[in-house]
$ cat run-v4.cif   # mmCIF, C-alpha atoms and all ligand atoms
data_entry
#
loop_
_atom_site.label_atom_id
_atom_site.label_comp_id
_atom_site.auth_asym_id
_atom_site.auth_seq_id
_atom_site.Cartn_x
_atom_site.Cartn_y
_atom_site.Cartn_z
CA MET A 1001 24.25 9.18 -5.66
CA ASP A 1002 21.36 7.70 -7.65
CA SER A 1003 21.34 9.46 -11.05
CA SER A 1004 17.64 8.64 -11.60
CA LEU A 1005 16.74 10.97 -8.69
CA THR A 1006 16.81 14.75 -8.54
CA SER A 1007 19.04 16.28 -5.85
CA ALA A 1008 15.90 17.18 -3.84
CA GLN A 1009 14.74 13.54 -4.03
CA GLN A 1010 18.20 12.37 -2.99
CA GLU A 1011 17.85 14.63 0.08
CA ILE A 1012 14.43 13.12 0.88
CA ARG A 1013 15.93 9.64 0.64
CA GLU A 1014 18.83 10.48 2.94
CA ALA A 1015 16.61 12.24 5.49
CA ILE A 1016 14.21 9.28 5.65
CA LEU A 1017 17.02 6.74 5.95
CA LYS A 1018 18.29 8.83 8.89
CA VAL A 1019 14.90 8.69 10.67
CA CYS A 1020 14.66 4.95 9.94
CA ALA A 1021 18.15 4.29 11.31
CA ALA A 1022 16.67 4.65 14.81
CA PHE A 1023 14.40 1.67 14.02
CA GLY A 1024 16.81 -1.10 13.15
CA ASP A 1025 16.33 -4.75 12.30
CA GLY A 1026 15.84 -5.65 15.98
CA TYR A 1027 12.87 -3.26 16.27
CA TRP A 1028 11.13 -4.81 13.23
CA LEU A 1029 11.90 -8.35 14.34
CA GLU A 1030 10.23 -7.60 17.69
CA ARG A 1031 7.16 -6.07 15.97
CA ASP A 1032 7.01 -9.14 13.72
CA LYS A 1033 6.94 -11.31 16.81
CA ASP A 1034 4.61 -9.32 19.08
CA GLY A 1035 2.39 -7.90 16.31
CA ALA A 1036 2.24 -4.48 18.01
CA PHE A 1037 1.62 -1.52 15.69
CA PRO A 1038 4.89 0.46 15.24
CA HIS A 1039 3.57 3.59 16.96
CA ALA A 1040 7.05 4.92 17.81
CA PHE A 1041 8.12 4.68 14.17
CA HIS A 1042 4.86 6.26 12.92
CA GLY A 1043 5.34 9.05 15.49
CA ALA A 1044 8.94 9.72 14.39
CA ILE A 1045 7.87 10.02 10.75
CA ALA A 1046 4.95 12.30 11.73
CA ASP A 1047 7.23 14.46 13.92
CA GLY A 1048 9.54 14.96 10.96
CA GLY A 1049 6.55 16.34 9.01
CA TRP A 1050 6.77 13.54 6.46
CA LEU A 1051 3.20 12.22 6.55
CA GLY A 1052 1.95 15.16 4.50
CA ILE A 1053 4.66 14.88 1.82
CA ALA A 1054 2.16 14.69 -1.04
CA MET A 1055 -0.70 16.59 0.62
CA PRO A 1056 -1.49 20.24 -0.19
CA GLU A 1057 0.48 22.90 1.70
CA ALA A 1058 -2.76 24.70 2.64
CA TYR A 1059 -3.54 21.86 5.07
CA GLY A 1060 -0.07 21.40 6.50
CA GLY A 1061 1.40 19.16 3.81
CA SER A 1062 4.51 19.70 1.69
CA GLY A 1063 2.70 19.75 -1.66
CA LEU A 1064 5.28 17.50 -3.33
CA GLY A 1065 4.56 14.96 -6.05
CA ILE A 1066 3.98 11.24 -6.11
CA ALA A 1067 7.55 10.70 -7.37
CA ASP A 1068 8.83 12.34 -4.17
CA ALA A 1069 6.44 10.32 -2.01
CA ALA A 1070 7.62 7.16 -3.80
CA VAL A 1071 11.24 7.99 -3.02
CA MET A 1072 10.27 8.45 0.63
CA MET A 1073 8.34 5.18 0.87
CA GLN A 1074 11.05 3.28 -0.95
CA ALA A 1075 13.62 4.48 1.57
CA VAL A 1076 11.35 3.32 4.42
CA ALA A 1077 11.05 -0.18 2.93
CA GLU A 1078 14.73 -0.34 1.96
CA SER A 1079 15.82 0.56 5.50
CA GLY A 1080 14.68 -2.93 6.52
CA ALA A 1081 11.30 -1.73 7.78
CA ALA A 1082 9.86 -3.48 4.68
CA PHE A 1083 6.05 -3.57 4.61
CA SER A 1084 5.88 -3.56 8.43
CA GLY A 1085 7.05 0.05 8.24
CA ALA A 1086 5.73 1.14 4.84
CA SER A 1087 2.16 -0.13 5.39
CA ALA A 1088 2.02 1.65 8.75
CA LEU A 1089 2.29 4.94 6.81
CA HIS A 1090 0.99 4.03 3.38
CA MET A 1091 -2.67 5.08 3.81
CA ASN A 1092 -1.64 8.43 5.24
CA ILE A 1093 0.60 9.28 2.32
CA PHE A 1094 -1.83 9.19 -0.56
CA GLY A 1095 -4.91 7.30 0.58
CA LEU A 1096 -6.90 10.47 1.06
CA ASN A 1097 -6.31 11.67 -2.48
CA PRO A 1098 -10.06 11.37 -3.26
CA VAL A 1099 -10.68 13.85 -0.42
CA VAL A 1100 -8.02 16.21 -1.83
CA VAL A 1101 -9.60 16.07 -5.29
CA PHE A 1102 -13.32 15.80 -4.48
CA GLY A 1103 -13.71 16.91 -0.85
CA SER A 1104 -15.11 20.30 0.16
CA GLU A 1105 -12.88 22.96 1.71
CA GLU A 1106 -14.39 22.18 5.12
CA GLN A 1107 -13.74 18.44 4.70
CA LYS A 1108 -10.13 18.98 3.67
CA ARG A 1109 -9.49 21.03 6.82
CA ARG A 1110 -11.30 18.58 9.07
CA PHE A 1111 -9.87 15.38 7.54
CA LEU A 1112 -6.42 16.14 6.15
CA MET A 1113 -4.97 18.26 8.94
CA PRO A 1114 -5.17 15.67 11.78
CA LEU A 1115 -3.90 12.96 9.46
CA ILE A 1116 -0.88 14.99 8.39
CA LYS A 1117 -0.05 15.86 12.01
CA GLY A 1118 -0.21 12.16 12.91
CA GLU A 1119 -3.09 12.80 15.34
CA GLU A 1120 -5.44 10.50 13.43
CA LYS A 1121 -4.96 7.31 11.44
CA ALA A 1122 -7.05 6.20 8.50
CA CYS A 1123 -7.88 2.87 6.88
CA PHE A 1124 -9.33 2.08 3.48
CA ALA A 1125 -12.24 -0.34 3.11
CA VAL A 1126 -13.14 -1.57 -0.35
CA THR A 1127 -12.52 -5.33 -0.51
CA GLU A 1128 -15.40 -7.63 0.41
CA PRO A 1129 -15.49 -11.39 0.92
CA ASP A 1130 -18.13 -12.03 -1.76
CA ALA A 1131 -16.98 -9.50 -4.36
CA GLY A 1132 -13.19 -9.90 -4.53
CA LEU A 1133 -11.61 -8.05 -7.42
CA ASP A 1134 -15.06 -7.52 -8.95
CA THR A 1135 -15.42 -4.36 -6.86
CA THR A 1136 -18.69 -3.08 -8.27
CA ARG A 1137 -20.40 -6.23 -6.91
CA LEU A 1138 -19.72 -5.15 -3.35
CA LYS A 1139 -22.64 -5.50 -1.00
CA ALA A 1140 -22.00 -3.06 1.88
CA ARG A 1141 -24.94 -0.66 1.94
CA ALA A 1142 -25.22 2.94 3.11
CA VAL A 1143 -28.92 3.58 3.68
CA ARG A 1144 -30.33 7.09 4.09
CA SER A 1145 -31.21 7.63 7.73
CA GLY A 1146 -32.05 11.00 9.35
CA ASN A 1147 -29.46 13.58 8.31
CA GLY A 1148 -27.08 10.99 6.94
CA TYR A 1149 -26.67 7.27 6.37
CA ALA A 1150 -26.47 4.00 8.26
CA VAL A 1151 -23.84 1.56 6.97
CA HIS A 1152 -24.38 -2.20 7.04
CA GLY A 1153 -22.15 -4.91 5.62
CA GLN A 1154 -18.79 -6.62 5.72
CA LYS A 1155 -15.32 -5.81 4.46
CA ILE A 1156 -12.22 -7.98 4.46
CA TRP A 1157 -8.45 -7.52 4.56
CA ILE A 1158 -8.75 -3.99 5.89
CA SER A 1159 -5.29 -2.85 6.97
CA THR A 1160 -4.90 -0.91 10.25
CA ALA A 1161 -8.60 -1.12 11.22
CA GLN A 1162 -7.46 -1.87 14.81
CA VAL A 1163 -5.68 1.46 15.20
CA ALA A 1164 -7.52 3.67 12.69
CA ASP A 1165 -9.79 6.52 13.80
CA ARG A 1166 -11.52 6.82 10.46
CA VAL A 1167 -12.28 4.71 7.42
CA LEU A 1168 -12.44 5.72 3.76
CA LEU A 1169 -15.32 3.48 2.85
CA LEU A 1170 -16.95 2.49 -0.43
CA ALA A 1171 -20.58 1.37 -0.04
CA ARG A 1172 -23.60 0.97 -2.29
CA THR A 1173 -26.24 3.70 -2.01
CA THR A 1174 -28.35 2.57 -4.99
CA PRO A 1175 -29.00 -1.15 -5.48
CA LEU A 1176 -27.20 -2.77 -8.42
CA GLU A 1177 -30.52 -3.62 -10.12
CA GLU A 1178 -31.47 0.07 -10.20
CA VAL A 1179 -28.34 1.51 -11.89
CA LYS A 1180 -27.56 1.72 -15.60
CA LYS A 1181 -23.87 0.91 -15.16
CA GLN A 1182 -22.42 -1.30 -12.40
CA THR A 1183 -19.94 1.44 -11.51
CA GLU A 1184 -22.79 3.78 -10.57
CA GLY A 1185 -24.62 3.87 -7.25
CA LEU A 1186 -21.52 3.47 -5.06
CA SER A 1187 -20.67 6.27 -2.66
CA LEU A 1188 -17.52 7.23 -0.80
CA PHE A 1189 -17.48 8.16 2.89
CA TYR A 1190 -14.74 9.14 5.31
CA ALA A 1191 -16.43 7.89 8.43
CA ALA A 1192 -15.44 7.87 12.10
CA LEU A 1193 -14.91 4.27 13.21
CA ASP A 1194 -17.37 4.22 16.08
CA ARG A 1195 -16.63 0.84 17.68
CA LYS A 1196 -20.22 0.65 19.02
CA TYR A 1197 -21.29 -0.12 15.44
CA VAL A 1198 -18.09 -1.59 13.97
CA GLU A 1199 -16.26 -4.77 14.87
CA ALA A 1200 -12.77 -5.38 13.45
CA ARG A 1201 -11.52 -8.97 13.77
CA VAL A 1202 -7.82 -9.52 13.15
CA ILE A 1203 -6.90 -12.03 10.44
CA ASP A 1204 -3.97 -14.23 11.45
CA LYS A 1205 -1.71 -13.99 8.41
CA MET A 1206 1.61 -14.91 6.80
CA GLY A 1207 3.61 -11.73 7.41
CA ARG A 1208 3.53 -8.02 8.33
CA LYS A 1209 2.09 -8.93 11.70
CA ALA A 1210 2.67 -5.41 13.07
CA VAL A 1211 0.19 -3.91 10.63
CA ASP A 1212 -3.13 -5.57 11.34
CA SER A 1213 -5.44 -6.93 8.63
CA ASN A 1214 -9.09 -7.34 9.50
CA GLN A 1215 -12.49 -8.61 8.75
CA VAL A 1216 -14.69 -5.60 9.48
CA PHE A 1217 -18.39 -5.80 10.30
CA PHE A 1218 -20.61 -2.69 10.05
CA ASP A 1219 -23.85 -2.88 11.95
CA GLY A 1220 -25.72 0.36 11.28
CA LEU A 1221 -22.71 2.70 11.56
CA PRO A 1222 -24.19 6.24 11.48
CA VAL A 1223 -22.41 8.48 8.98
CA PRO A 1224 -23.46 12.14 8.80
CA LEU A 1225 -24.05 13.69 5.40
CA GLU A 1226 -21.03 15.95 5.85
CA ASP A 1227 -18.76 12.88 5.87
CA ARG A 1228 -19.77 11.81 2.36
CA ILE A 1229 -17.10 12.71 -0.20
CA GLY A 1230 -18.47 14.36 -3.32
CA GLU A 1231 -21.78 13.38 -4.82
CA GLU A 1232 -23.83 10.35 -3.93
CA GLY A 1233 -23.39 7.50 -6.42
CA ARG A 1234 -20.00 8.60 -7.81
CA GLY A 1235 -17.73 6.89 -5.27
CA PHE A 1236 -16.24 4.36 -7.69
CA GLU A 1237 -15.12 7.12 -10.03
CA TYR A 1238 -13.57 8.92 -7.04
CA ILE A 1239 -11.51 5.99 -5.78
CA LEU A 1240 -10.05 5.48 -9.25
CA HIS A 1241 -8.16 8.75 -8.63
CA GLY A 1242 -6.12 7.16 -5.88
CA MET A 1243 -5.42 3.89 -7.67
CA ASN A 1244 -2.51 4.80 -9.92
CA PRO A 1245 -0.62 6.60 -7.13
CA GLU A 1246 -1.21 3.59 -4.87
CA ARG A 1247 0.24 1.19 -7.47
CA ILE A 1248 3.25 3.51 -7.86
CA LEU A 1249 3.86 3.61 -4.09
CA ILE A 1250 3.55 -0.19 -3.77
CA ALA A 1251 6.03 -0.56 -6.66
CA ALA A 1252 8.49 1.77 -4.93
CA GLU A 1253 8.11 -0.13 -1.66
CA ALA A 1254 8.55 -3.52 -3.38
CA VAL A 1255 11.80 -2.36 -4.99
CA GLY A 1256 12.92 -1.11 -1.56
CA ILE A 1257 12.30 -4.51 0.05
CA GLY A 1258 14.05 -6.26 -2.85
CA ARG A 1259 17.08 -4.00 -2.46
CA ALA A 1260 17.19 -4.66 1.29
CA ALA A 1261 17.13 -8.42 0.65
CA LEU A 1262 19.79 -8.16 -2.03
CA ALA A 1263 22.10 -6.10 0.20
CA ARG A 1264 21.84 -8.75 2.92
CA ALA A 1265 22.46 -11.54 0.39
CA ALA A 1266 25.53 -9.82 -1.06
CA ARG A 1267 26.93 -9.22 2.43
CA TYR A 1268 26.39 -12.85 3.42
CA ALA A 1269 27.88 -14.10 0.13
CA LYS A 1270 31.08 -12.20 0.90
CA GLU A 1271 31.32 -13.41 4.50
CA ARG A 1272 30.23 -17.05 4.36
CA ILE A 1273 33.14 -19.41 3.71
CA VAL A 1274 32.38 -22.88 2.35
CA PHE A 1275 34.86 -25.15 0.51
CA GLY A 1276 37.57 -22.78 1.68
CA ARG A 1277 36.28 -19.64 -0.08
CA PRO A 1278 33.44 -17.12 0.13
CA ILE A 1279 30.27 -18.53 -1.45
CA GLY A 1280 30.01 -15.25 -3.42
CA LYS A 1281 33.03 -16.33 -5.45
CA ASN A 1282 30.80 -18.87 -7.22
CA GLN A 1283 28.99 -17.66 -10.31
CA ALA A 1284 25.99 -19.82 -9.33
CA ILE A 1285 25.65 -17.44 -6.36
CA GLN A 1286 26.68 -14.24 -8.18
CA HIS A 1287 24.54 -14.49 -11.30
CA PRO A 1288 21.12 -14.83 -9.67
CA LEU A 1289 21.99 -11.86 -7.45
CA ALA A 1290 23.16 -9.80 -10.42
CA LYS A 1291 19.95 -10.64 -12.31
CA CYS A 1292 17.90 -9.53 -9.29
CA TRP A 1293 19.79 -6.24 -9.28
CA ALA A 1294 19.05 -5.66 -12.98
CA ASP A 1295 15.36 -6.58 -12.60
CA LEU A 1296 14.89 -4.38 -9.54
CA GLU A 1297 16.53 -1.35 -11.13
CA ALA A 1298 14.51 -1.79 -14.35
CA ALA A 1299 11.30 -1.98 -12.30
CA ASN A 1300 12.40 1.12 -10.42
CA LEU A 1301 12.81 3.09 -13.65
CA MET A 1302 9.30 2.07 -14.76
CA MET A 1303 8.03 3.19 -11.35
CA LEU A 1304 9.74 6.59 -11.65
CA HIS A 1305 8.45 6.94 -15.23
CA ALA A 1306 4.86 6.28 -14.08
CA ALA A 1307 5.25 8.67 -11.14
CA ARG A 1308 6.58 11.46 -13.34
CA LEU A 1309 3.74 10.98 -15.83
CA TYR A 1310 1.25 11.21 -12.94
CA ASP A 1311 2.91 14.35 -11.57
CA ALA A 1312 2.80 15.91 -15.03
CA GLY A 1313 -0.97 15.29 -15.15
CA LYS A 1314 -0.58 12.74 -17.97
CA PRO A 1315 -2.29 9.34 -18.26
CA CYS A 1316 -0.22 6.70 -16.47
CA GLY A 1317 -2.56 3.72 -15.94
CA VAL A 1318 -0.59 1.24 -18.03
CA GLU A 1319 2.75 2.40 -16.68
CA ALA A 1320 1.58 2.40 -13.02
CA ASN A 1321 0.20 -1.11 -13.41
CA ALA A 1322 3.32 -2.32 -15.21
CA ALA A 1323 5.51 -0.80 -12.48
CA LYS A 1324 3.53 -2.54 -9.73
CA TYR A 1325 3.73 -5.86 -11.59
CA LEU A 1326 7.45 -5.64 -12.41
CA ALA A 1327 8.43 -4.41 -8.95
CA ALA A 1328 6.41 -7.04 -7.09
CA GLU A 1329 7.87 -9.85 -9.19
CA ALA A 1330 11.44 -8.50 -9.03
CA GLY A 1331 11.07 -7.89 -5.28
CA PHE A 1332 9.77 -11.41 -4.75
CA THR A 1333 12.60 -13.02 -6.73
CA ALA A 1334 15.17 -10.91 -4.87
CA CYS A 1335 13.76 -11.98 -1.49
CA GLU A 1336 13.60 -15.63 -2.50
CA THR A 1337 17.16 -15.50 -3.90
CA ALA A 1338 18.35 -13.84 -0.69
CA VAL A 1339 16.88 -16.68 1.39
CA MET A 1340 18.54 -19.29 -0.84
CA THR A 1341 21.88 -17.43 -0.73
CA HIS A 1342 21.81 -17.70 3.07
CA GLY A 1343 21.27 -21.47 2.89
CA GLY A 1344 19.87 -22.73 6.20
CA MET A 1345 20.36 -19.35 7.83
CA GLY A 1346 17.94 -17.89 5.28
CA TYR A 1347 15.25 -19.72 7.22
CA ALA A 1348 16.33 -18.19 10.55
CA LYS A 1349 14.60 -15.04 11.75
CA GLU A 1350 17.88 -13.43 12.86
CA PHE A 1351 18.93 -12.87 9.23
CA HIS A 1352 15.64 -11.08 8.40
CA VAL A 1353 15.38 -12.27 4.78
CA GLU A 1354 12.62 -14.78 5.61
CA ARG A 1355 10.57 -11.83 6.95
CA TYR A 1356 11.15 -9.91 3.71
CA LEU A 1357 10.02 -12.96 1.70
CA ARG A 1358 6.80 -13.23 3.72
CA GLU A 1359 6.12 -9.50 3.41
CA ILE A 1360 6.89 -9.11 -0.31
CA MET A 1361 4.06 -11.53 -1.12
CA ILE A 1362 1.64 -8.70 -0.29
CA ALA A 1363 2.85 -6.66 -3.27
CA ARG A 1364 1.99 -9.54 -5.59
CA ILE A 1365 -1.60 -9.78 -4.30
CA ALA A 1366 -2.71 -6.28 -3.28
CA PRO A 1367 -4.18 -3.86 -4.14
CA VAL A 1368 -4.64 -5.76 -7.40
CA SER A 1369 -3.39 -9.18 -8.49
CA ARG A 1370 -0.89 -10.02 -11.23
CA GLU A 1371 -3.62 -11.53 -13.36
CA LEU A 1372 -5.82 -8.44 -13.35
CA ILE A 1373 -2.82 -6.20 -14.07
CA LEU A 1374 -1.86 -8.28 -17.08
CA SER A 1375 -5.47 -8.20 -18.30
CA HIS A 1376 -5.41 -4.40 -17.98
CA ILE A 1377 -2.13 -4.11 -19.93
CA ALA A 1378 -3.37 -6.53 -22.60
CA GLU A 1379 -6.48 -4.41 -23.05
CA ARG A 1380 -5.03 -0.90 -22.79
CA ALA A 1381 -1.55 -1.31 -24.27
CA LEU A 1382 -2.23 -4.04 -26.83
CA GLY A 1383 -5.86 -3.38 -27.74
CA LEU A 1384 -6.96 -6.92 -26.89
CA PRO A 1385 -10.58 -7.54 -25.87
CA LYS A 1386 -11.58 -7.14 -22.22
CA SER A 1387 -11.30 -10.61 -20.70
CA TYR A 1388 -13.21 -10.28 -17.43
C1 LIG B 1401 -2.02 -7.97 3.49
C2 LIG B 1401 -3.16 -7.42 2.71
C3 LIG B 1401 -3.61 -6.13 2.95
C4 LIG B 1401 -4.73 -5.62 2.29
N1 LIG B 1401 -5.20 -4.37 2.62
C5 LIG B 1401 -6.39 -3.96 2.12
C6 LIG B 1401 -6.99 -2.73 2.57
O1 LIG B 1401 -6.43 -2.02 3.43
N2 LIG B 1401 -8.19 -2.37 2.06
C7 LIG B 1401 -8.84 -3.12 1.12
O2 LIG B 1401 -9.93 -2.72 0.70
N3 LIG B 1401 -8.31 -4.29 0.68
C8 LIG B 1401 -7.11 -4.73 1.15
N4 LIG B 1401 -6.55 -5.92 0.73
C9 LIG B 1401 -7.30 -6.74 -0.23
C10 LIG B 1401 -6.63 -6.87 -1.58
O3 LIG B 1401 -6.73 -5.66 -2.29
C11 LIG B 1401 -7.31 -8.06 -2.26
O4 LIG B 1401 -6.94 -9.23 -1.58
C12 LIG B 1401 -6.91 -8.14 -3.70
O5 LIG B 1401 -7.48 -7.06 -4.41
C13 LIG B 1401 -7.39 -9.45 -4.32
O6 LIG B 1401 -8.77 -9.64 -4.10
P1 LIG B 1401 -9.31 -11.02 -3.53
O7 LIG B 1401 -8.42 -11.39 -2.40
O8 LIG B 1401 -10.74 -10.91 -3.25
O9 LIG B 1401 -9.04 -12.03 -4.73
P2 LIG B 1401 -10.14 -12.70 -5.69
O10 LIG B 1401 -10.90 -11.64 -6.41
O11 LIG B 1401 -10.87 -13.72 -4.92
O12 LIG B 1401 -9.17 -13.43 -6.74
C14 LIG B 1401 -8.50 -14.65 -6.41
C15 LIG B 1401 -7.52 -14.99 -7.53
O13 LIG B 1401 -8.24 -15.19 -8.75
C16 LIG B 1401 -7.68 -14.36 -9.77
N5 LIG B 1401 -8.75 -13.90 -10.65
C17 LIG B 1401 -10.00 -13.43 -10.31
N6 LIG B 1401 -10.67 -13.08 -11.42
C18 LIG B 1401 -9.86 -13.32 -12.47
C19 LIG B 1401 -9.97 -13.16 -13.90
N7 LIG B 1401 -11.07 -12.67 -14.46
N8 LIG B 1401 -8.91 -13.50 -14.66
C20 LIG B 1401 -7.79 -14.00 -14.12
N9 LIG B 1401 -7.62 -14.18 -12.78
C21 LIG B 1401 -8.63 -13.84 -12.00
C22 LIG B 1401 -7.04 -13.20 -9.03
O14 LIG B 1401 -6.04 -12.61 -9.81
C23 LIG B 1401 -6.50 -13.90 -7.80
O15 LIG B 1401 -5.25 -14.49 -8.10
C24 LIG B 1401 -5.40 -6.42 1.33
C25 LIG B 1401 -4.93 -7.73 1.06
C26 LIG B 1401 -3.85 -8.22 1.73
C27 LIG B 1401 -3.39 -9.64 1.45
#

$ encode --input "run-v4.cif" --output "structure tokens"
Amino acid sequence: MDSSLTSAQQEIREAILKVCAAFGDGYWLERDKDGAFPHAFHGAIADGGWLGIAMPEAYGGSGLGIADAAVMMQAVAESGAAFSGASALHMNIFGLNPVVVFGSEEQKRRFLMPLIKGEEKACFAVTEPDAGLDTTRLKARAVRSGNGYAVHGQKIWISTAQVADRVLLLARTTPLEEVKKQTEGLSLFYAALDRKYVEARVIDKMGRKAVDSNQVFFDGLPVPLEDRIGEEGRGFEYILHGMNPERILIAAEAVGIGRAALARAARYAKERIVFGRPIGKNQAIQHPLAKCWADLEAANLMMLHAARLYDAGKPCGVEANAAKYLAAEAGFTACETAVMTHGGMGYAKEFHVERYLREIMIARIAPVSRELILSHIAERALGLPKSY
């Protein structure tokens, strides 16, 4: 029993671990090799009604908070599914928060219901090759055309664009030179991914092969007016609403992966006999593992703190960023330590820790890098001048 969780959250954790038990290490190793999207896993989670955990009840969700969703996603990652499993669901859990907050009643029915039932999948397209973390410099354009827009431009690193039916897309509707503030003139759309106008090219990458990452090219994608979320020009403001929950979920998932790695390392340290005794009898093996445990659990408490602030409607930007930073670093060190604890076998796929190490790197890079998080904390928590 984890005393930092409520009894309802403990039940969520146990129920999710039960669903995940049907998708063991062998399943994820196969997906890592063949790169096929884990449809069976996604389907099992959808069938259990879990995809709508944090979505409003009026549209088929459970109306629970981000803390509950974090407990769910952590259990997915901790089961050994790591980011191969968590990222297959991630966008569906909270990605459409801007639609919940700013969408019309008609849009919520049309967009949220099929997502919650698992009938549709969504992807999120913000990052661009020439803008990077300087989001407001993005160049994708949505130009007024007939009763809607035509989207032109390029995005990069877009997760699940191969399997997604729709894309939550940030594009410029007023040129940068014509706005007072850089954050203005960007609009948010939830557009159908009509492959006649959209090409998604898979990026061959380090890990999480089962959840595709893509370069996406938009060549005049028609988007009807009714698929624009909120007002034209306020898209940047809208996506900010989903950012803190996303950092909290990534933090929860990173702790989950770290715990999975640590459990494997501790098991191996007890079983592996060298110099006539288990390697885990050496403090040089024990202490790094114990430090990983302490760092992971501390990061987890920061994550739960940020989630509870968010659920209480309180500001949580600094805490959500700190949680993402601490969890990604603690998760990374735990995965690296787990590989080293296994010695040569840490490099073998059959012990799974090398997969965790490749996957945990994502939490250090996305959706925002360590450097930008530290700049944010320096500015907001310490009152230092903005550095970028
Ligand atoms: C596996 C994966 C999945 C992803 N999924 C998605 C997705 O679904 N949708 C989406 O829109 N994006 C996605 N991303 C993109 C991700 O959010 C970006 O890669 C991330 O925000 C970093 O942007 P960048 O790669 O352009 O880095 P850059 O902006 O090019 O930065 C490069 C490096 O320079 C550092 N840097 C830049 N400016 C400063 C500064 N002022 N001070 C200090 N350091 C600085 C950064 O911290 C970073 O280390 C994904 C990325 C990965 C790897």

$ residues_around --input "run-v4.cif" --residues "His1342 in chain A" --least-positions-apart "4" --cutoff "9 Å" --atoms "all atoms listed in the file" --output "number ranges by chain"
A: 1264-1265, 1268-1269, 1272, 1337-1338, 1346-1347, 1351, 1353

$ closest_atom_pairs --input "run-v4.cif" --of "range 1094-1141 of chain A" --to "range 1216-1222 of chain A" --cutoff "10 Å" --atoms "only C-alpha atoms" --output "Markdown table"
| residue | atom | partner | partner_atom | distance |
| --- | --- | --- | --- | --- |
| A:Ala1125 | CA | A:Val1216 | CA | 8.6 |
| A:Glu1128 | CA | A:Val1216 | CA | 9.3 |
| A:Ala1140 | CA | A:Phe1218 | CA | 8.3 |
| A:Arg1141 | CA | A:Phe1218 | CA | 9.4 |

$ closest_atom_pairs --input "run-v4.cif" --of "chain A" --to "ligand LIG 1401 (chain B)" --cutoff "6 Å" --atoms "all atoms listed in the file" --output "JSON lines"
{"residue": "A:Phe1124", "atom": "CA", "partner": "B:LIG1401", "partner_atom": "N2", "distance": 4.8}
{"residue": "A:Ala1125", "atom": "CA", "partner": "B:LIG1401", "partner_atom": "O2", "distance": 4.1}
{"residue": "A:Val1126", "atom": "CA", "partner": "B:LIG1401", "partner_atom": "O2", "distance": 3.6}
{"residue": "A:Thr1127", "atom": "CA", "partner": "B:LIG1401", "partner_atom": "O2", "distance": 3.9}
{"residue": "A:Gly1132", "atom": "CA", "partner": "B:LIG1401", "partner_atom": "O8", "distance": 2.9}
{"residue": "A:Leu1133", "atom": "CA", "partner": "B:LIG1401", "partner_atom": "O10", "distance": 3.8}
{"residue": "A:Trp1157", "atom": "CA", "partner": "B:LIG1401", "partner_atom": "N4", "distance": 4.6}
{"residue": "A:Ile1158", "atom": "CA", "partner": "B:LIG1401", "partner_atom": "O1", "distance": 3.9}
{"residue": "A:Ser1159", "atom": "CA", "partner": "B:LIG1401", "partner_atom": "O1", "distance": 3.8}
{"residue": "A:Ile1362", "atom": "CA", "partner": "B:LIG1401", "partner_atom": "C1", "distance": 5.3}
{"residue": "A:Ile1365", "atom": "CA", "partner": "B:LIG1401", "partner_atom": "C12", "distance": 5.6}
{"residue": "A:Ala1366", "atom": "CA", "partner": "B:LIG1401", "partner_atom": "O3", "distance": 4.2}
{"residue": "A:Pro1367", "atom": "CA", "partner": "B:LIG1401", "partner_atom": "O3", "distance": 3.6}
{"residue": "A:Val1368", "atom": "CA", "partner": "B:LIG1401", "partner_atom": "O5", "distance": 4.3}
{"residue": "A:Ser1369", "atom": "CA", "partner": "B:LIG1401", "partner_atom": "O14", "distance": 4.5}
{"residue": "A:Arg1370", "atom": "CA", "partner": "B:LIG1401", "partner_atom": "O14", "distance": 5.9}
{"residue": "A:Glu1371", "atom": "CA", "partner": "B:LIG1401", "partner_atom": "O14", "distance": 4.4}
{"residue": "A:Leu1372", "atom": "CA", "partner": "B:LIG1401", "partner_atom": "O14", "distance": 5.5}
{"residue": "A:Tyr1388", "atom": "CA", "partner": "B:LIG1401", "partner_atom": "N7", "distance": 4.4}

$ closest_residue --input "run-v4.cif" --among "A:Leu1357, A:Ala1290, A:Ile1045, A:Met1303" --to "Ala1266 in chain A" --atoms "all atoms listed in the file"
A:Ala1290

$ residues_around --input "run-v4.cif" --residues "range 1089-1102 of chain A" --least-positions-apart "6" --cutoff "9 Å" --atoms "only C-alpha atoms" --output "PyMOL selection string"
chain A and resi 1042+1045+1050-1056+1066+1069+1073+1108+1111-1112+1115-1116+1118+1121-1124+1159+1168+1188+1190+1229-1231+1238-1243+1245-1246+1249-1250

$ atom_distance --input "run-v4.cif" --atom1 "CA of Ala1306 in chain A" --atom2 "CA of Ala1252 in chain A"
10.8 Å

$ residues_around --input "run-v4.cif" --residues "range 1175-1185 of chain A" --least-positions-apart "2" --cutoff "7 Å" --atoms "only C-alpha atoms" --output "compact mmCIF listing (two decimals) with C-alpha atoms, in the coordinates of the input"
# COMPACT_ATOMS: atom_id res chain seq x y z
CA THR A 1136 -18.69 -3.08 -8.27
CA ARG A 1172 -23.60 0.97 -2.29
CA THR A 1173 -26.24 3.70 -2.01
CA SER A 1187 -20.67 6.27 -2.66
CA GLY A 1233 -23.39 7.50 -6.42
CA ARG A 1234 -20.00 8.60 -7.81
CA PHE A 1236 -16.24 4.36 -7.69
